[in-house]
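For reference, the structure discussed in these notes is given below.
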Amino acid sequence: MMVARSLLWLSLYLSLLSSAGVPLHAQSRTALQLPPLADQVQPPQRAEAAPPPALAPAPPPQMPLDFDIAIQKAADDLLSNARLDDSVEEVNIVIDPLIDGVTGAQSSATHLEERRIVELVKNRYPRFRVVPFSPESILLKQPLVLIGTFTPINNDGDASGPRDAYRICLALADLGRQTIVSKGSARALPEGVDPTPDSFFKDSPGYARDPATEAYVKSCQEKRIGDSFDQAYSEGILAATLVNQGIEAYNAGRYRAALDLYMRAVVMPGGEQLRVFNGIYLASYKLHRTRTAMDAFGRMIDFGLKNSDYLAIKFLFKPGSTQFYNDKGEHAPYNAWIGKIAERTATNQSCLEVIGHTSATGLPALNDRLSVLRADFIKERVEAEESSLQGRLLASGKGSREMLVGTGRDDPSDALDRRVEFKILRCQA
């Protein structure tokens with residue numbers, strides 16, 4: 001009854017609209033403002049979620065080039081893009097010797113790289129003039145300083161992968177403006193590269209993170225054009241000139257001159273660095289000044305443990321053995337080293353972790369075991385020198401998991417991969 005009545009009223013209403021001249025198409029549900037029928041209700045439209053922004057693909061690794069071509073590319077980029085005062089017709093450059101970006105060592109490869117850069121400057125960039133890296137050049141000529149690192153890397157960026165390329169990094173530093181004015185880089189193929197450290201770095205007994213070397217590496221690798229370079233580097237540059245002259249004298253067999261240069265460097269700002277203590281030790285040992293040599297070795301131990309909490313000593317072992325390598329050309333006074341390590345550790349009342357390392361040659365499980373055995377061997381020898389160290393030393397091994405060089409040559413170029421480290425521990429009551 002109610003439905004019939006409602007339909008009757010609807011019919012009358014439509015008739016009135018028609019008689020009033022309302023067009024038939026206006027007689028719609030919208031015109032009548034009636035709710036839509038249930039089967040015509042449209043669900044609310046959701047805004048489609050925007051797709052996540054596509055990640056930019058990682059840039060492909062640089063293609064490693066032939067060694068000479070890579071050096072030329074990096075040097076061309078460096079010299080052609082330097083931000084310099086156009087009014088200056090001649091620009092002096094000194095080369096603070098290029099180094100391995102991990103170990104800080106100079107090598108046959110870095111020396112060859114420097115010679116190639118000097119040749120390129122002479123033949124293609126007449127505006128630049130390379131002058132000796134000396135205190136006189138720094139003070140009188142106000143030169144630009146060229147620094148650079150040559151570092152073994154995995155070209156695909158795999159930290160645990162084989163070091164199958166070398167990364168060349170070059171930078172020009174303006175000492176007056178305290179800024180980096182140009183950079184150049186390239187990657188080199190390992191074929192034909194000789195990374196053997198020169199005599200000084202091959203003979204140096206100790207290795208640690210040295211603030212002076214870290215400032216050099218940071219200024220080259222981390223700074224951009226226009227950035228201020230590391231202040232510690234600029235403060236120690238005069239000492240660095242003497243250190244470099246000392247290294248050159250040692251490599252040439254002029255040990256008295258080398259010792260004099262290291263002694264002068266150590267009292268200068270920035271002169272207390274690992275290279276200097278290594279240098280005093282090496283030159284004194286060659287001159288049979290045993291007391292001076294071992295005093296320097298003790299200062300090297302103190303420096304390494306103070307500045308980086310660890311010191312690596314290059315004890316060379318026979319392959320697969322815990323016995324020292326006794327070749328005449330490679331012999332070092334290991335007994336004296338162990339005695340000095342024991343003395344300085346006891347004097348400082350330190351507790352140490354003795355950590356053995358190996359190169360990658362051999363099975364990983366065997367390398368792990370061998371590294372522990374070598375560390376335990378050194379630990380027992382140190383404790384035998386100082387009975388007060390009983391209970392203060394802990395032996396452990398890393399196998400080949402923390403190689404510094406990682407080229408797998410098993411020759412003097414990667415001797416640091418077969419090292420023993422001394423790391424400071426907090427002593428337990």
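Residues are named by chain letter and number: chains run A, B, ... in the order of the structure tokens, numbers start at 1 in each chain, and ligands are numbered from 1 in the order shown.
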#### Entry: A:Leu98 environment, 7 Å, only C-alpha atoms, sequence neighbours closer than 4 positions dropped, as an NGL selection string
:A and (106 or 110 or 147-149)
Could you pull the residues within 10 Å of A:Asn92, counting only C-alpha atoms, minus those fewer than 3 positions along the same chain, as a PDB file with C-alpha atoms, in the first residue's frame?
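Below is the file that was written, selection.pdb:
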ATOM      1  CA  ARG A 127     104.074  26.763 -17.820  1.00  0.00           C
ATOM      2  CA  PHE A 128     104.965  24.415 -14.963  1.00  0.00           C
ATOM      3  CA  ARG A 129     108.460  23.823 -13.621  1.00  0.00           C
ATOM      4  CA  VAL A 130     109.294  20.970 -11.253  1.00  0.00           C
ATOM      5  CA  VAL A 131     111.716  22.043  -8.514  1.00  0.00           C
ATOM      6  CA  PRO A 132     113.296  19.894  -5.768  1.00  0.00           C
ATOM      7  CA  SER A 137     112.010  25.422  -2.393  1.00  0.00           C
ATOM      8  CA  ILE A 138     109.109  25.491   0.059  1.00  0.00           C
ATOM      9  CA  LYS A 141     109.625  29.586  -4.252  1.00  0.00           C
ATOM     10  CA  GLN A 142     106.135  29.165  -2.747  1.00  0.00           C
ATOM     11  CA  PRO A 143     105.404  26.239  -5.081  1.00  0.00           C
ATOM     12  CA  LEU A 144     102.340  24.131  -5.605  1.00  0.00           C
ATOM     13  CA  VAL A 145     102.727  20.725  -3.979  1.00  0.00           C
TER      14      VAL A 145
END
Closest contacts (stretch 89-148 of chain A/stretch 187-209 of chain A, max 6 Å, only C-alpha atoms) as a tab-separated table:
residue	atom	partner	partner_atom	distance
A:Ala105	CA	A:Phe201	CA	5.9
A:Gln106	CA	A:Pro197	CA	5.7
A:Ser107	CA	A:Pro197	CA	3.9
A:Ser108	CA	A:Asp194	CA	5.8
A:Ala109	CA	A:Pro195	CA	5.3
With all heavy atoms retained, could you export that selection as an mmCIF file, in the first residue's frame?
data_model
loop_
_atom_site.group_PDB
_atom_site.id
_atom_site.type_symbol
_atom_site.label_atom_id
_atom_site.label_comp_id
_atom_site.auth_asym_id
_atom_site.auth_seq_id
_atom_site.Cartn_x
_atom_site.Cartn_y
_atom_site.Cartn_z
ATOM 1 N N ALA A 105 104.017 3.396 1.893
ATOM 2 C CA ALA A 105 105.362 3.112 1.400
ATOM 3 C C ALA A 105 105.575 3.687 0.008
ATOM 4 O O ALA A 105 104.646 3.800 -0.797
ATOM 5 C CB ALA A 105 105.606 1.606 1.371
ATOM 6 N N GLN A 106 106.830 4.054 -0.271
ATOM 7 C CA GLN A 106 107.255 4.360 -1.626
ATOM 8 C C GLN A 106 107.766 3.064 -2.248
ATOM 9 O O GLN A 106 108.344 2.223 -1.570
ATOM 10 C CB GLN A 106 108.350 5.418 -1.619
ATOM 11 C CG GLN A 106 107.914 6.755 -1.013
ATOM 12 C CD GLN A 106 109.073 7.715 -0.867
ATOM 13 O OE1 GLN A 106 109.983 7.738 -1.696
ATOM 14 N NE2 GLN A 106 109.049 8.517 0.186
ATOM 15 N N SER A 107 107.549 2.906 -3.544
ATOM 16 C CA SER A 107 107.878 1.652 -4.202
ATOM 17 C C SER A 107 108.451 1.908 -5.583
ATOM 18 O O SER A 107 108.498 3.057 -6.058
ATOM 19 C CB SER A 107 106.622 0.785 -4.328
ATOM 20 O OG SER A 107 105.689 1.396 -5.212
ATOM 21 N N SER A 108 108.857 0.836 -6.238
ATOM 22 C CA SER A 108 109.326 0.958 -7.619
ATOM 23 C C SER A 108 108.237 1.577 -8.487
ATOM 24 O O SER A 108 108.519 2.400 -9.375
ATOM 25 C CB SER A 108 109.721 -0.418 -8.164
ATOM 26 O OG SER A 108 110.787 -0.974 -7.425
ATOM 27 N N ALA A 109 106.982 1.224 -8.243
ATOM 28 C CA ALA A 109 105.873 1.758 -9.039
ATOM 29 C C ALA A 109 105.672 3.252 -8.794
ATOM 30 O O ALA A 109 105.473 4.026 -9.744
ATOM 31 C CB ALA A 109 104.593 0.994 -8.718
#
### Task
Go through A:Lys340, A:Lys423, A:Arg83, A:Lys286 and flag the residue nearest A:Asp174, using only C-alpha atoms for the distances.
A:Arg83
## Note on the structure
If you count only C-alpha atoms, the residue of A:Ser134, A:Thr213, A:Asn81, A:Thr179 closest to A:Ile99 turns out to be A:Thr213
### Task
Write down as a PyMOL selection string the residues of stretch 66-248 of chain A whose backbone DSSP state falls under strand (DSSP E or B).
chain A and resi 91-95+99+107+128-130+144-153+165-174+179-188+197+206-207+228
